[in-house]
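Peer 1: Dropping a structure here in structure tokens format, bear with me for questions.
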Amino acid sequence: MEDQAIDLRPLLITLLQQLGLYSQANNVAEDQRLDSLGVLAFTELLKKHHVGFSVHRHLPSLVEQSAHPFVLISEQQAPVLLRRHGEQLEKFDQRWQACDPAFIGEDAHLIMIERLPQQGSSAKAFAEQVSKRSKWYRPVFWLSLLSSLMGLAVPLFTMAVYDRVIGGQTPEVLPSIALGAALALSILVASRLIRAKVMSAASNHMARDLSEVTFQRLLNMPLMVLSRVGIANHVARMRNAEKVRTVLSGPAAGGLIDLPFTFIALATITLLSGWLVLVPLLMLLVFYLVMRLMHNYIQSASPTVSGEYQNALNELAKNLTQLKAAGQVGAWTTKFARLCRENSRQNFRYAARNGLLAAVAHALSLSTALVTVFCGIFLVLNQAISAGALIACVMLIWRITGPAQLAFSSTQKFALLKGAAEQFDRFMQVKTENSELRLDVPDMTRPPSLSFQHLTLRYSADMEPALSAVNADIDAGDMVAVIGPNGCGKTSLLLSALGVIEPQAGYVAINNKNIRQYDPELVRSWAAYCPAEPDLFPGSLADNLRIANTEASDQQLIDALYAAGGEALFNTLNKQLDTPLTSGDGAMLSAVEGSYISLARALLKGSPYLLLDEPLANRNPAAKHQLINTLEGLRGKATIVFSSHDQELIKLADKVIILDKGAAVYVGPIPSQQPQANNQTEQ
């Protein structure tokens with residue numbers, strides 16, 4: 001479904017209202033960024049507000065089973081909101097009105113609402129994702145059934161050759177038997193190839209959709225939670241989708257799917273040999289018991305040091321510079337060597353036991369065939385079955401033990417899949433920052449007032465508080481300097497004002513309303529923040545600047561860079577916005593040069609709410625002079641809160657907040673004895 005050129009914003013507001021989601025509808029209505037809404041943005045907002053939906057071509061059965069209003073989008077008519085009311089189809093036009101089902105054309109796409117936020121129990125989130133993509137079950141079932149039936153061809157045709165051609169001395173029927181066998185084998189191969197393609201497509205779609213759901217969930221989680229967990233864990237969550245792909249598309253999947261169809265082979269053996277079918281049944285039981293014992297034996301050898309070994313590698317990558325600079329890496333090298341040896345030993349033992357499992361499974365399969373032959377010989381000698389029937393039964397044994405062997409030898413993969421599903425379910429139960437209680441929209445057109453009320457923040461239980469009962473009021477349009485020694489909580493205070501971190505006690509108020517009541521995404525897109533440590537991304541100078549404003553013109557980018565004091569940097573880059581900022585070896589700019597770009601991003605937003613963390617760290621006098629002029633030009637037009645140790649910059653402030661060990665020791669106008677205050681900040 002292609003994105004439409006029409007505005008779907010009024011339709012989304014109406015849909016949310018009809019679903020009883022009035023806070024969400026008000027959020028969409030007041031969001032000043034949404035001038036118009038296409039189909040893609042429409043669905044993204046449904047995801048943001050945790051409204052479960054699916055997109056389908058027109059199917060009458062979907063309309064008949066719909067429990068919520070749904071949206072019709074067609075090239076032949078304007079989008080419309082529909083619902084099923086009893087046996088009647090109704091459309092919304094100021095009010096609900098009956099309409100003819102033929103109103104839905106064949107080319108229509110339907111956005112069906114499946115789940116509301118308050119109904120979003122995610123205890124079985126993985127199962128829900130699988131059930132949404134159940135279309136592949138039916139073709140896989142029929143293809144597996146067809147291949148299982150065609151798999152009988154070789155044993156049965158072999159029996160016919162032994163009993164009719166050789167035993168009956170009728171070689172003239174051999175061509176017809178060979179032709180039938182060739183046809184059956186062709187169908188078998190074709191059905192297996194088609195099934196493999198369907199399974200591969202299903203596993204790829206599943207992995208893609210799970211990755212997308214996981215990524216969307218990560219984007220909606222509180223940033224405090226994300227930073228506490230660590231990037232390695234987030235990457236591991238994304239890789240869970242790959243576990244689904246490998247299990248559903250590998251040979252283990254084929255064995256698992258074929259396992260239920262072994263009843264066809266068992267039924268055929270029963271028809272051909274009677275009670276001889278008890279042999280493979282008993283051997284399957286033995287196979288199961290032995291495999292369970294082997295599985296426990298293998299699991300007892302699972303590597304336990306692999307996590308510690310991986311953490312050691314991450315530690316090396318993160319702290320390599322410090323280790324080399326220290327010049328004393330002996331202890332770390334000894335520790336790493338020990339972990340490396342232990343990890344190799346455990347992996348070898350685990351691989352050896354897995355090899356033993358494969359050998360035992362293969363031996364059991366051979367034993368089943370041999371026992372069947374020995375038992376069947378007596379039936380042949382007693383003329384209860386023919387020799388061809390015995391040979392066919394032995395050949396059919398592989399149709400039973402093969403899938404069982406594959407399934408049991410892949411128990412580790414299925415255990416990984418189970419673990420991935422459980423982890424996905426737990427992850428989806430974590431609350432996001434987008435809830436109906438956090439959907440107010442701030443006034444983005446004027447400078448806000450700001451208030452810190454008993455703000456207390458502790459990053460972990462074993463650390464001193466970063467902020468301790470901080471109280472401060474900032475009027476709209478004020479310029480406020482946050483000063484104090486390093487580690488006193490300046491950055492934490494600015495991040496709290498941005499809503500990036502949430503305190504354990506107290507709150508931040510913007511325009512006399514708790515910041516937790518606002519849509520956190522809107523607050524961050526509205527506020528302009530310049531971090532103390534700049535981040536540069538792969539791409540050109542223009543790419544890095546347009547992160548803050550994708551619609552900015554080239555001249556706006558240059559003006560913002562100049563206003564941030566980055567004229568010298570721009571001259572160094574030959575005044576070329578398309579100059580790449582990274583090379584194969586990493587970033588080409590220093591931290592100071594990167595800080596010009598970070599500040600330019602903040603200014604490029606044109607926001608009346610600026611939060612600047614150390615905007616003058618190690619800058620040259622010309623850049624400082626330019627920044628001071630820029631801030632003077634914004635005085636009264638924006639509420640500006642910045643942290644700094646620079647005396648000239650602090651003098652610009654209408655008010656200062658002096659922090660010491662997380663506590664606000666002074667809040668108010670700059671004291672008359674400014675040198676003493678400055679000395680306090682430098683201690």
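Just remember, in the structure tokens the first chain shown is A, the second B, etc., residues are 1-based per chain, and ligands are 1-based in the order shown.
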DSSP on the backbone, then: every residue of region 462-495 of chain A marked helix (DSSP H, G or I), written as a ChimeraX atom specification.
Peer 2: /A:490-495
Peer 1: Where does DSSP see strand (DSSP E or B) in region 452-530 of chain A, if you list the residues as a count of residues only?
Peer 2: 31
Peer 1: Excluding same-chain residues fewer than 3 positions from Ile111 (chain A), what lies within 12 Å of it counting only C-alpha atoms, as a VMD selection string?
Peer 2: chain A and resid 1 12 15 39 to 40 42 to 43 46 51 to 59 62 to 63 66 68 to 74 79 to 83 108 114
Peer 1: Using only C-alpha atoms, find the one residue out of A:Leu379, A:Asn354, A:Leu289, A:Cys99 that sits nearest to Gly274 (chain A).
Peer 2: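 That would be A:Leu379, the residue with the smallest distance to Gly274 (chain A).
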Peer 1: Counting only C-alpha atoms, which of A:Asp163, A:Asp535, A:Asp654, A:Glu422 gets nearest to Ala481 (chain A)?
Peer 2: A:Asp654
Peer 1: Taking 5 positions as the minimum chain separation for residues in the same chain, which residues sit within 9 Å of region 191-196 of chain A when counting only C-alpha atoms? Answer as a PyMOL selection string.
Peer 2: chain A and resi 139-140+143-144+146-147+186+201+249-250+254
Peer 1: Once you have the residues from the selection above, write them out as a compact mmCIF listing (two decimals), in the first residue's frame, restricted to N, CA and C atoms.
Peer 2:
# COMPACT_ATOMS: atom_id res chain seq x y z
N PRO A 139 -0.29 -23.87 3.65
CA PRO A 139 0.48 -24.44 2.53
C PRO A 139 1.57 -25.40 2.99
N VAL A 140 2.20 -25.12 4.13
CA VAL A 140 3.23 -26.02 4.64
C VAL A 140 2.62 -27.37 5.01
N LEU A 143 1.77 -29.21 1.70
CA LEU A 143 3.00 -29.62 1.02
C LEU A 143 3.68 -30.76 1.77
N SER A 144 3.66 -30.71 3.10
CA SER A 144 4.25 -31.79 3.89
C SER A 144 3.47 -33.08 3.71
N LEU A 146 1.69 -33.90 1.07
CA LEU A 146 1.97 -34.39 -0.29
C LEU A 146 3.33 -35.06 -0.36
N SER A 147 4.35 -34.43 0.24
CA SER A 147 5.69 -35.03 0.18
C SER A 147 5.74 -36.34 0.96
N SER A 186 9.56 -36.82 -8.65
CA SER A 186 9.53 -35.43 -9.12
C SER A 186 8.60 -34.59 -8.26
N ALA A 201 10.72 -17.97 3.50
CA ALA A 201 10.02 -16.68 3.46
C ALA A 201 9.34 -16.39 4.80
N SER A 249 13.95 -22.13 9.44
CA SER A 249 14.39 -22.33 8.06
C SER A 249 15.43 -23.44 7.91
N GLY A 250 15.89 -24.03 9.00
CA GLY A 250 16.92 -25.05 8.92
C GLY A 250 16.34 -26.45 8.78
N GLY A 254 12.34 -28.80 9.15
CA GLY A 254 11.76 -29.83 8.29
C GLY A 254 11.50 -31.11 9.05
Peer 1: Asp443 (chain A): which residues within 12 Å, counting only C-alpha atoms, same-chain residues fewer than 2 positions away excluded, as a count of residues only?
Peer 2: 24
Peer 1: Determine, counting only C-alpha atoms, which protein, DNA and RNA residues have an atom within 10 Å of an atom of Phe103 (chain A); residues of the same chain fewer than 5 positions away are not included. Present the result as a ChimeraX atom specification.
Peer 2: /A:77,89,91,108
